[in-house]
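Novice: Quick one: the structure is below, questions incoming.
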Amino acid sequence: MTHPTAADHSGTAPDTASTPPDAVHGAPPSQFALLRQRRFAPFFWTQFLGAGNDNLFKFALTVLLTYQLQVDWLPPAMAGLVIGALFILPFVLLSATSGQLSDKYPKELVMRFVKTLEIAIMALAAWGFSRQDVPILLGCVFLMGVHSTLFGPVKFAYLPQHLSERELTGGNGMVEMGTFVSILLGNLVGGLLIALPDVGRSAVAVSCLAVAVAGRLAAQAIPHSPAPDPQLRIEWNPLAETWRNLRLAHGNLVVFRSLLGISWMWFFGAVFLANFPAFAKEVLHGDEHVASALLMVFSLGIGIGSLMCEMLSKRHVEIGLVPVGAIGMTVFAVDLYFASSSLPVRPVMGLGAFLADPAHWRVMADLGLLALSAGLYSVPMYALIQLRSPPTHRARIIAANNILNALFMIVSSLGAGAMLGAGFSIPQVFLATGLLNLLVGLYIFLLVPEYLLRFVAFLATRLVYRLKVEGDGHIPTRGAAVLVCNHVSYVDAIVLMAVSPRPIRFLMDHRIFQVPVLGWLFRLAKAIPIAPQKEDPATYEAAFEAADRVLAEGDLLGIFPEGGITRDGQLQPFKGGVMKILERRPAPVVPLALRNLWGSYFSRIEDGSAMVRPFRRGLFNRVELLAGEPLPPIQVSPEGLRERVRELLER
């Protein structure tokens, strides 16, 4: 097996050999425009049809075994649980192997093989429907789980190979939206077809086979996606390979803890999805149409939240949205408890009577906004994992994530079942899950401060300021670089955090760490304190040692070479510290310019004071950040850098 380099851990760029030049260097298309491009559209429809077919088949079979075709050894009440367990079992057993296959072989070949396998499985299922053979149909559920297990790693590893960093959030949002819409359509179509008198089973069989064939045709148009590690030797022991993949992911703590964060989202969502039928019947006093409406609202909420990510992130991997989503998940789960726990007991209602009661609209709104928040939470995490995972191991890390997801969902089912068995009501289970989400979120965000820092930067650049960015494509998504910017205010670093596709380690005046709140944030960001050499030689030398380690590890280093915040709004002379950094560790230098930040609350005013007279410029002040082309270290001088920044300021 190969091992990632330090540069791999700092962030990975898309494979430009398979990414159109305009996606890398020009303005990227919107997420919907991707549906017109061959690098995305065939893949999207392949996964859309696959997810829909999974759920069409599973739901139709669940209804069949619950209402129409009953056998002594499978009670109707257990049919859904057995089908769910059979489908998820391959994720535990085979995810590690599927991740290796996706790294070893071209992804388009893996996807075509999986879709061909789906046709064979659905042909067998059609035979099972015609014979009313329950063991064969349950075996097909397991095989469709194998189909989804094989497709999972290649599905998420494909995107960063064909999409640029600025397209990754939108692409993931489209996939997430498509997945939940296809799940919803699959359940609805499966339920309608199996209920057709006399021809229900035949209609389901024909439909599943037709969808499988359509998926295979879509897969044929997927463009070539080279194998990242064709020399990989397959480890057929799933336990050993799973452990190896988890250790590999643990090598990058941000990626590993993001895997845990996504798995928690599946834990959270499984509690609600699994209890919708009982919630509709026992708490809301609605019939099966009400349960379907809850599923529809939840699925549409996930889809809308997923699509909103690109707009809110301004086409970057914006993990500042993750805390926003986590807060929403807790707030609306808690409100769902209060909205549903006081509903009076009534006779069972149809959907029309249910919607006629205004109290039920609050329940539906809570479910929809909870799901929307889950979309905001999950899409940036998926994009971050894709961006930061080393390309040669990306599919295997995603396979490890699938295993964790399955295990978390199993624990979720056991935990919710234990609470219900102990006498807790379904609204109380929802409340406990929402409060637990708050604790898990705080734990994750303290373990991975980058989420919290990007959240602060996200709020600052959308509520306090209106940030306009130009040339941000010059900030590299991979490899070491020095970012050089004029120093206008105490929040310059926070503004730069909001723009950069990956973390920046800032070299900052040691006195700023004494500022309340800001000092805590910069310590959380692992900013490097520096003092004048004459004042504190030890801190001065330690700062340059730390800066050298940042570049050696392939990360971004941010500096403000003026040496302090401007007192008059004018660009000050640049000091020579940048040359000392480059002499020790040559790296590209990216000039940056902040405009229109002077005169705001966090900048100095005429008498030299700062952070006085709040809101003196009001809210939503327009601020601009301009990035210039990177300079090779051999062309860098303090005077030349200052001139580049000045040109950006005057542009």
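Each chain in the structure tokens gets a letter, A, B, ..., in the order shown, and its residues are numbered from 1; ligands are numbered from 1 in order too.
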Go through stretch 65-176 of chain A and flag each residue having an atom no more than 7 Å from stretch 398-406 of chain A; for those, report the closest pair of atoms plus their distance in Å to one decimal, using only C-alpha atoms, ordered by chain and rising number, as a tab-separated table.

Specialist:
residue	atom	partner	partner_atom	distance
A:Ile88	CA	A:Ala406	CA	6.6
A:Phe91	CA	A:Ile403	CA	5.8
A:Val92	CA	A:Ile403	CA	5.2
A:Ser95	CA	A:Ala399	CA	5.0
A:Ala96	CA	A:Ala399	CA	5.6
A:Ser98	CA	A:Ala399	CA	6.9
A:Gly99	CA	A:Ala399	CA	5.0
A:Pro153	CA	A:Ala399	CA	5.3

Novice: Restricting the output to N, CA, C and O atoms, write the selected residues as a compact mmCIF listing (two decimals), in the first residue's frame.

Specialist:
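The resulting file, part.txt, is reproduced below:
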# COMPACT_ATOMS: atom_id res chain seq x y z
N ILE A 88 -28.51 -3.52 4.96
CA ILE A 88 -27.38 -2.79 5.54
C ILE A 88 -26.21 -3.72 5.87
O ILE A 88 -25.06 -3.26 6.00
N PHE A 91 -22.89 -3.45 3.91
CA PHE A 91 -22.07 -2.27 4.20
C PHE A 91 -21.04 -2.57 5.28
O PHE A 91 -19.92 -2.04 5.26
N VAL A 92 -21.41 -3.41 6.23
CA VAL A 92 -20.48 -3.78 7.30
C VAL A 92 -19.46 -4.79 6.79
O VAL A 92 -18.27 -4.71 7.10
N SER A 95 -17.69 -3.16 2.68
CA SER A 95 -17.27 -1.79 2.34
C SER A 95 -15.77 -1.68 2.15
O SER A 95 -15.29 -0.97 1.26
N ALA A 96 -15.01 -2.36 3.00
CA ALA A 96 -13.55 -2.27 2.89
C ALA A 96 -13.07 -2.79 1.54
O ALA A 96 -12.20 -2.19 0.89
N SER A 98 -14.88 -2.98 -1.24
CA SER A 98 -15.36 -2.10 -2.32
C SER A 98 -14.50 -0.86 -2.43
O SER A 98 -14.27 -0.35 -3.54
N GLY A 99 -13.99 -0.34 -1.31
CA GLY A 99 -13.10 0.81 -1.36
C GLY A 99 -11.81 0.50 -2.09
O GLY A 99 -11.30 1.33 -2.87
N PRO A 153 -18.36 3.89 -2.35
CA PRO A 153 -17.04 4.55 -2.39
C PRO A 153 -16.73 5.19 -3.74
O PRO A 153 -16.21 6.31 -3.80

Novice: Write out as a list in words each polymer residue whose atoms come within 7 Å of stretch 291-294 of chain A, counting only C-alpha atoms; drop sequence neighbours fewer than 2 positions from it.

Specialist: Phe276, Pro277, Ala280, Asp287, Glu288, His289, Met296, Val297 and Phe298 of chain A

Novice: Given the selection you just returned, output its residues as a file containing all heavy atoms, formatted as a CSV table (one decimal), in the first residue's frame.

Specialist:
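Now in part_30.csv:
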chain,number,residue,atom,x,y,z
A,276,PHE,N,-41.1,7.3,11.7
A,276,PHE,CA,-42.1,8.0,11.1
A,276,PHE,C,-43.5,7.3,11.1
A,276,PHE,O,-44.5,7.9,11.4
A,276,PHE,CB,-41.8,8.4,9.7
A,276,PHE,CG,-40.9,9.7,9.5
A,276,PHE,CD1,-40.2,10.0,8.4
A,276,PHE,CD2,-40.8,10.5,10.6
A,276,PHE,CE1,-39.4,11.1,8.3
A,276,PHE,CE2,-40.0,11.7,10.5
A,276,PHE,CZ,-39.3,12.0,9.4
A,277,PRO,N,-43.5,6.0,10.7
A,277,PRO,CA,-44.8,5.3,10.7
A,277,PRO,C,-45.5,5.3,12.1
A,277,PRO,O,-46.7,5.7,12.2
A,277,PRO,CB,-44.5,3.9,10.2
A,277,PRO,CG,-43.2,4.1,9.5
A,277,PRO,CD,-42.5,5.1,10.2
A,280,ALA,N,-46.5,8.9,13.1
A,280,ALA,CA,-47.8,9.3,12.4
A,280,ALA,C,-49.0,8.7,13.0
A,280,ALA,O,-50.0,9.3,13.2
A,280,ALA,CB,-47.7,9.0,10.9
A,287,ASP,N,-53.2,8.4,9.3
A,287,ASP,CA,-53.1,7.1,8.6
A,287,ASP,C,-51.7,7.0,7.8
A,287,ASP,O,-50.8,7.9,8.0
A,287,ASP,CB,-54.3,6.9,7.7
A,287,ASP,CG,-54.4,8.0,6.6
A,287,ASP,OD1,-53.4,8.7,6.4
A,287,ASP,OD2,-55.4,8.1,5.9
A,288,GLU,N,-51.7,6.0,7.0
A,288,GLU,CA,-50.4,5.8,6.2
A,288,GLU,C,-50.1,6.9,5.3
A,288,GLU,O,-48.9,7.1,5.0
A,288,GLU,CB,-50.5,4.4,5.5
A,288,GLU,CG,-51.5,4.4,4.4
A,288,GLU,CD,-52.9,3.9,5.0
A,288,GLU,OE1,-53.1,3.9,6.2
A,288,GLU,OE2,-53.7,3.5,4.2
A,289,HIS,N,-51.1,7.6,4.8
A,289,HIS,CA,-50.8,8.8,3.9
A,289,HIS,C,-50.1,9.9,4.7
A,289,HIS,O,-49.3,10.6,4.1
A,289,HIS,CB,-52.1,9.3,3.3
A,289,HIS,CG,-52.8,8.3,2.5
A,289,HIS,ND1,-52.3,7.8,1.3
A,289,HIS,CD2,-54.0,7.6,2.6
A,289,HIS,CE1,-53.1,6.9,0.7
A,289,HIS,NE2,-54.1,6.8,1.5
A,296,MET,N,-42.1,12.6,2.8
A,296,MET,CA,-41.9,13.6,1.7
A,296,MET,C,-41.3,14.9,2.2
A,296,MET,O,-40.4,15.4,1.6
A,296,MET,CB,-43.3,13.8,1.0
A,296,MET,CG,-43.2,14.8,-0.2
A,296,MET,SD,-44.8,15.1,-1.0
A,296,MET,CE,-45.1,13.5,-1.6
A,297,VAL,N,-41.9,15.4,3.3
A,297,VAL,CA,-41.4,16.7,3.8
A,297,VAL,C,-39.9,16.5,4.2
A,297,VAL,O,-39.1,17.4,4.0
A,297,VAL,CB,-42.2,17.1,5.0
A,297,VAL,CG1,-41.6,18.3,5.8
A,297,VAL,CG2,-43.6,17.5,4.6
A,298,PHE,N,-39.6,15.4,4.9
A,298,PHE,CA,-38.2,15.2,5.3
A,298,PHE,C,-37.2,15.1,4.1
A,298,PHE,O,-36.2,15.7,4.1
A,298,PHE,CB,-38.1,13.9,6.1
A,298,PHE,CG,-36.9,13.7,6.9
A,298,PHE,CD1,-36.7,14.3,8.2
A,298,PHE,CD2,-35.8,13.0,6.4
A,298,PHE,CE1,-35.5,14.1,8.9
A,298,PHE,CE2,-34.6,12.8,7.1
A,298,PHE,CZ,-34.5,13.4,8.4

Novice: Between A:Asp366, A:Glu639, A:Glu450, A:Asp536, which residue has the minimum interatomic distance to A:Phe574, considering only C-alpha atoms?

Specialist: A:Glu639

Novice: Using only C-alpha atoms, which of A:Leu453, A:Leu431, A:Ala538, A:Val484 sits nearest A:Leu641?

Specialist: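 Ranking A:Leu453, A:Leu431, A:Ala538, A:Val484 by distance to A:Leu641, first place goes to A:Val484.
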
Novice: Might you pull out every residue within 9 Å of A:Gly178, with only C-alpha atoms counted and same-chain residues fewer than 6 positions away left off, and present them as a list in words?

Specialist: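 Contacts, in chain order: Phe44, Trp45, Gln47, Phe48, Ala51 and Gly303 of chain A.
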
Novice: Per residue of stretch 312-387 of chain A within 10 Å of stretch 493-517 of chain A, record the nearest atom pair and its distance in Å to one decimal, counting only C-alpha atoms, with rows in chain order and ascending residue number, as CSV.

Specialist:
residue,atom,partner,partner_atom,distance
A:Ser313,CA,A:Ala498,CA,9.4
A:Lys314,CA,A:Val499,CA,9.4
A:His316,CA,A:Pro501,CA,6.5
A:Val317,CA,A:Pro501,CA,6.3
A:Glu318,CA,A:Pro501,CA,7.7
A:Ile319,CA,A:Pro501,CA,9.5
A:Gly320,CA,A:Ala498,CA,8.3
A:Leu384,CA,A:Arg502,CA,9.2
A:Leu387,CA,A:Arg502,CA,9.4

Novice: Would you mind exporting the chosen residues as a PDB file, in the first residue's frame, restricted to C-alpha atoms?

Specialist:
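Saved result, out-v2.pdb, follows:
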ATOM      1  CA  SER A 313     -20.879  28.828   0.550  1.00  0.00           C
ATOM      2  CA  LYS A 314     -20.269  30.981  -2.537  1.00  0.00           C
ATOM      3  CA  HIS A 316     -16.351  26.894  -1.896  1.00  0.00           C
ATOM      4  CA  VAL A 317     -16.123  24.013   0.531  1.00  0.00           C
ATOM      5  CA  GLU A 318     -17.616  26.079   3.370  1.00  0.00           C
ATOM      6  CA  ILE A 319     -17.473  24.004   6.537  1.00  0.00           C
ATOM      7  CA  GLY A 320     -18.725  27.026   8.480  1.00  0.00           C
ATOM      8  CA  LEU A 384     -14.242  18.319   3.010  1.00  0.00           C
ATOM      9  CA  LEU A 387     -10.970  17.466  -0.757  1.00  0.00           C
TER      10      LEU A 387
END
